[in-house]
Amino acid sequence: MSNLNRSDYDYDNDNDKRLHGILAAVDMSAEMRERVLRAGFYVARIHDQIFALDVPDDFQPKTY
């Protein structure tokens, strides 16, 4: 996940916008889900062609 922390986005023209990360998976262990959430990324799951966010109520995303 260290590569996910890098961003080449030019923020100079978009000071009023924020960038958040999301990791989507078809199959993800509970341990990996917790690791992704602790890193501040949203978690999305894909099952039966349905894309759904899997985010706890107390989740605080990391802003880049």
# chains A, B, ... in the order shown; residues from 1 in each chain; ligands from 1
>>> residues_around(residues="stretch 35-52 of chain A", least_positions_apart="4", cutoff="7 Å", atoms="only C-alpha atoms", output="ChimeraX atom specification")
/A:20-26,31,60-62
>>> write_last_selection(atoms="N, CA, C and O atoms", output="short mmCIF file (atom, residue, chain, number, x, y, z; two decimals), in the first residue's frame")
data_model
loop_
_atom_site.label_atom_id
_atom_site.label_comp_id
_atom_site.auth_asym_id
_atom_site.auth_seq_id
_atom_site.Cartn_x
_atom_site.Cartn_y
_atom_site.Cartn_z
N HIS A 20 -9.17 11.66 -1.84
CA HIS A 20 -9.26 10.52 -0.94
C HIS A 20 -8.98 9.26 -1.74
O HIS A 20 -9.21 9.22 -2.94
N GLY A 21 -8.49 8.22 -1.06
CA GLY A 21 -8.20 6.95 -1.72
C GLY A 21 -9.31 5.94 -1.51
O GLY A 21 -10.05 5.99 -0.53
N ILE A 22 -9.43 5.02 -2.44
CA ILE A 22 -10.40 3.94 -2.33
C ILE A 22 -9.76 2.67 -2.89
O ILE A 22 -9.04 2.72 -3.88
N LEU A 23 -9.99 1.56 -2.22
CA LEU A 23 -9.50 0.28 -2.68
C LEU A 23 -10.71 -0.62 -2.91
O LEU A 23 -11.50 -0.83 -1.99
N ALA A 24 -10.87 -1.09 -4.14
CA ALA A 24 -11.99 -1.96 -4.48
C ALA A 24 -11.48 -3.38 -4.67
O ALA A 24 -10.41 -3.58 -5.22
N ALA A 25 -12.27 -4.34 -4.18
CA ALA A 25 -11.85 -5.74 -4.28
C ALA A 25 -13.05 -6.65 -4.43
O ALA A 25 -14.14 -6.37 -3.93
N VAL A 26 -12.82 -7.74 -5.12
CA VAL A 26 -13.83 -8.79 -5.22
C VAL A 26 -13.75 -9.68 -3.99
O VAL A 26 -14.76 -10.07 -3.42
N GLU A 31 -8.61 -9.01 7.69
CA GLU A 31 -7.37 -8.35 8.09
C GLU A 31 -6.97 -7.26 7.09
O GLU A 31 -6.54 -6.17 7.47
N GLN A 60 -12.76 7.73 9.31
CA GLN A 60 -12.28 9.05 8.92
C GLN A 60 -11.25 8.88 7.80
O GLN A 60 -10.16 8.38 8.03
N PRO A 61 -11.60 9.27 6.57
CA PRO A 61 -10.66 9.09 5.46
C PRO A 61 -9.46 10.02 5.59
O PRO A 61 -9.55 11.11 6.15
N LYS A 62 -8.33 9.56 5.05
CA LYS A 62 -7.13 10.38 5.00
C LYS A 62 -7.25 11.30 3.80
O LYS A 62 -7.62 10.89 2.72
#
>>> decode(residues="stretch 27-64 of chain A", atoms="N, CA, C and O atoms", output="CSV table (one decimal), in the first residue's frame")
chain,number,residue,atom,x,y,z
A,27,ASP,N,-12.5,-10.0,-3.5
A,27,ASP,CA,-12.3,-10.8,-2.4
A,27,ASP,C,-11.2,-10.2,-1.5
A,27,ASP,O,-10.1,-10.0,-2.0
A,28,MET,N,-11.6,-9.9,-0.2
A,28,MET,CA,-10.7,-9.2,0.7
A,28,MET,C,-10.8,-9.8,2.1
A,28,MET,O,-11.9,-9.9,2.5
A,29,SER,N,-9.7,-10.2,2.7
A,29,SER,CA,-9.8,-10.7,4.0
A,29,SER,C,-10.2,-9.7,5.0
A,29,SER,O,-10.0,-8.5,4.7
A,30,ALA,N,-10.6,-10.1,6.2
A,30,ALA,CA,-11.0,-9.1,7.2
A,30,ALA,C,-9.7,-8.3,7.7
A,30,ALA,O,-9.8,-7.1,8.0
A,31,GLU,N,-8.6,-9.0,7.7
A,31,GLU,CA,-7.4,-8.3,8.1
A,31,GLU,C,-7.0,-7.3,7.1
A,31,GLU,O,-6.5,-6.2,7.5
A,32,MET,N,-7.1,-7.6,5.8
A,32,MET,CA,-6.8,-6.6,4.8
A,32,MET,C,-7.7,-5.4,4.8
A,32,MET,O,-7.3,-4.2,4.7
A,33,ARG,N,-9.0,-5.7,5.1
A,33,ARG,CA,-10.0,-4.6,5.2
A,33,ARG,C,-9.6,-3.6,6.3
A,33,ARG,O,-9.6,-2.4,6.1
A,34,GLU,N,-9.3,-4.2,7.5
A,34,GLU,CA,-8.9,-3.3,8.6
A,34,GLU,C,-7.6,-2.5,8.3
A,34,GLU,O,-7.5,-1.4,8.7
A,35,ARG,N,-6.7,-3.2,7.6
A,35,ARG,CA,-5.4,-2.5,7.3
A,35,ARG,C,-5.7,-1.3,6.3
A,35,ARG,O,-5.1,-0.2,6.5
A,36,VAL,N,-6.5,-1.5,5.3
A,36,VAL,CA,-6.9,-0.5,4.4
A,36,VAL,C,-7.6,0.7,5.1
A,36,VAL,O,-7.3,1.8,4.9
A,37,LEU,N,-8.6,0.3,6.0
A,37,LEU,CA,-9.3,1.4,6.7
A,37,LEU,C,-8.4,2.2,7.6
A,37,LEU,O,-8.5,3.4,7.7
A,38,ARG,N,-7.5,1.5,8.3
A,38,ARG,CA,-6.5,2.2,9.2
A,38,ARG,C,-5.6,3.1,8.4
A,38,ARG,O,-5.2,4.1,8.9
A,39,ALA,N,-5.3,2.8,7.2
A,39,ALA,CA,-4.5,3.6,6.3
A,39,ALA,C,-5.3,4.8,5.8
A,39,ALA,O,-4.7,5.7,5.2
A,40,GLY,N,-6.6,4.9,6.0
A,40,GLY,CA,-7.4,6.0,5.6
A,40,GLY,C,-8.0,5.9,4.3
A,40,GLY,O,-8.5,6.9,3.8
A,41,PHE,N,-8.0,4.7,3.7
A,41,PHE,CA,-8.7,4.5,2.4
A,41,PHE,C,-10.1,4.0,2.6
A,41,PHE,O,-10.3,3.2,3.5
A,42,TYR,N,-10.9,4.4,1.7
A,42,TYR,CA,-12.3,3.8,1.6
A,42,TYR,C,-12.1,2.3,1.1
A,42,TYR,O,-11.2,2.0,0.3
A,43,VAL,N,-13.0,1.5,1.5
A,43,VAL,CA,-13.1,0.1,1.0
A,43,VAL,C,-14.4,-0.1,0.2
A,43,VAL,O,-15.4,0.3,0.7
A,44,ALA,N,-14.2,-0.7,-0.9
A,44,ALA,CA,-15.4,-1.0,-1.8
A,44,ALA,C,-15.3,-2.5,-2.1
A,44,ALA,O,-14.2,-3.0,-2.3
A,45,ARG,N,-16.5,-3.1,-2.1
A,45,ARG,CA,-16.5,-4.5,-2.5
A,45,ARG,C,-17.4,-4.7,-3.7
A,45,ARG,O,-18.4,-3.9,-3.9
A,46,ILE,N,-17.0,-5.7,-4.5
A,46,ILE,CA,-17.8,-6.0,-5.7
A,46,ILE,C,-18.3,-7.4,-5.6
A,46,ILE,O,-17.5,-8.3,-5.4
A,47,HIS,N,-19.6,-7.6,-5.6
A,47,HIS,CA,-20.2,-8.9,-5.5
A,47,HIS,C,-21.4,-9.0,-6.4
A,47,HIS,O,-22.3,-8.1,-6.3
A,48,ASP,N,-21.5,-10.0,-7.2
A,48,ASP,CA,-22.7,-10.1,-8.1
A,48,ASP,C,-22.9,-8.9,-9.0
A,48,ASP,O,-24.0,-8.4,-9.1
A,49,GLN,N,-21.8,-8.3,-9.5
A,49,GLN,CA,-21.8,-7.1,-10.3
A,49,GLN,C,-22.4,-5.9,-9.6
A,49,GLN,O,-22.8,-4.9,-10.3
A,50,ILE,N,-22.3,-5.9,-8.3
A,50,ILE,CA,-22.7,-4.7,-7.5
A,50,ILE,C,-21.5,-4.1,-6.8
A,50,ILE,O,-20.8,-4.8,-6.1
A,51,PHE,N,-21.3,-2.8,-7.0
A,51,PHE,CA,-20.2,-2.1,-6.3
A,51,PHE,C,-20.8,-1.4,-5.1
A,51,PHE,O,-21.8,-0.6,-5.2
A,52,ALA,N,-20.3,-1.7,-3.9
A,52,ALA,CA,-20.8,-1.1,-2.7
A,52,ALA,C,-19.7,-0.7,-1.8
A,52,ALA,O,-18.7,-1.4,-1.6
A,53,LEU,N,-19.8,0.5,-1.2
A,53,LEU,CA,-18.9,0.9,-0.2
A,53,LEU,C,-19.0,0.1,1.1
A,53,LEU,O,-20.2,-0.1,1.5
A,54,ASP,N,-18.0,-0.2,1.7
A,54,ASP,CA,-17.9,-1.0,3.0
A,54,ASP,C,-17.2,-0.2,4.0
A,54,ASP,O,-16.0,-0.4,4.2
A,55,VAL,N,-17.9,0.8,4.6
A,55,VAL,CA,-17.2,1.8,5.5
A,55,VAL,C,-17.9,1.9,6.8
A,55,VAL,O,-19.1,2.1,6.9
A,56,PRO,N,-17.2,1.7,7.9
A,56,PRO,CA,-17.8,1.8,9.2
A,56,PRO,C,-18.3,3.2,9.5
A,56,PRO,O,-17.8,4.2,8.9
A,57,ASP,N,-19.2,3.4,10.4
A,57,ASP,CA,-19.8,4.7,10.7
A,57,ASP,C,-18.7,5.7,11.3
A,57,ASP,O,-18.8,6.9,11.0
A,58,ASP,N,-17.7,5.2,12.0
A,58,ASP,CA,-16.7,6.0,12.6
A,58,ASP,C,-15.5,6.2,11.7
A,58,ASP,O,-14.5,6.8,12.2
A,59,PHE,N,-15.5,5.8,10.5
A,59,PHE,CA,-14.4,5.9,9.6
A,59,PHE,C,-14.1,7.4,9.3
A,59,PHE,O,-14.9,8.2,9.0
A,60,GLN,N,-12.8,7.7,9.3
A,60,GLN,CA,-12.3,9.1,8.9
A,60,GLN,C,-11.3,8.9,7.8
A,60,GLN,O,-10.2,8.4,8.0
A,61,PRO,N,-11.6,9.3,6.6
A,61,PRO,CA,-10.7,9.1,5.5
A,61,PRO,C,-9.5,10.0,5.6
A,61,PRO,O,-9.5,11.1,6.1
A,62,LYS,N,-8.3,9.6,5.1
A,62,LYS,CA,-7.1,10.4,5.0
A,62,LYS,C,-7.2,11.3,3.8
A,62,LYS,O,-7.6,10.9,2.7
A,63,THR,N,-7.0,12.6,4.0
A,63,THR,CA,-7.0,13.5,2.9
A,63,THR,C,-5.6,13.8,2.4
A,63,THR,O,-4.7,14.0,3.2
A,64,TYR,N,-5.4,13.8,1.1
A,64,TYR,CA,-4.1,14.0,0.5
A,64,TYR,C,-4.0,15.4,-0.1
A,64,TYR,O,-5.0,15.9,-0.5
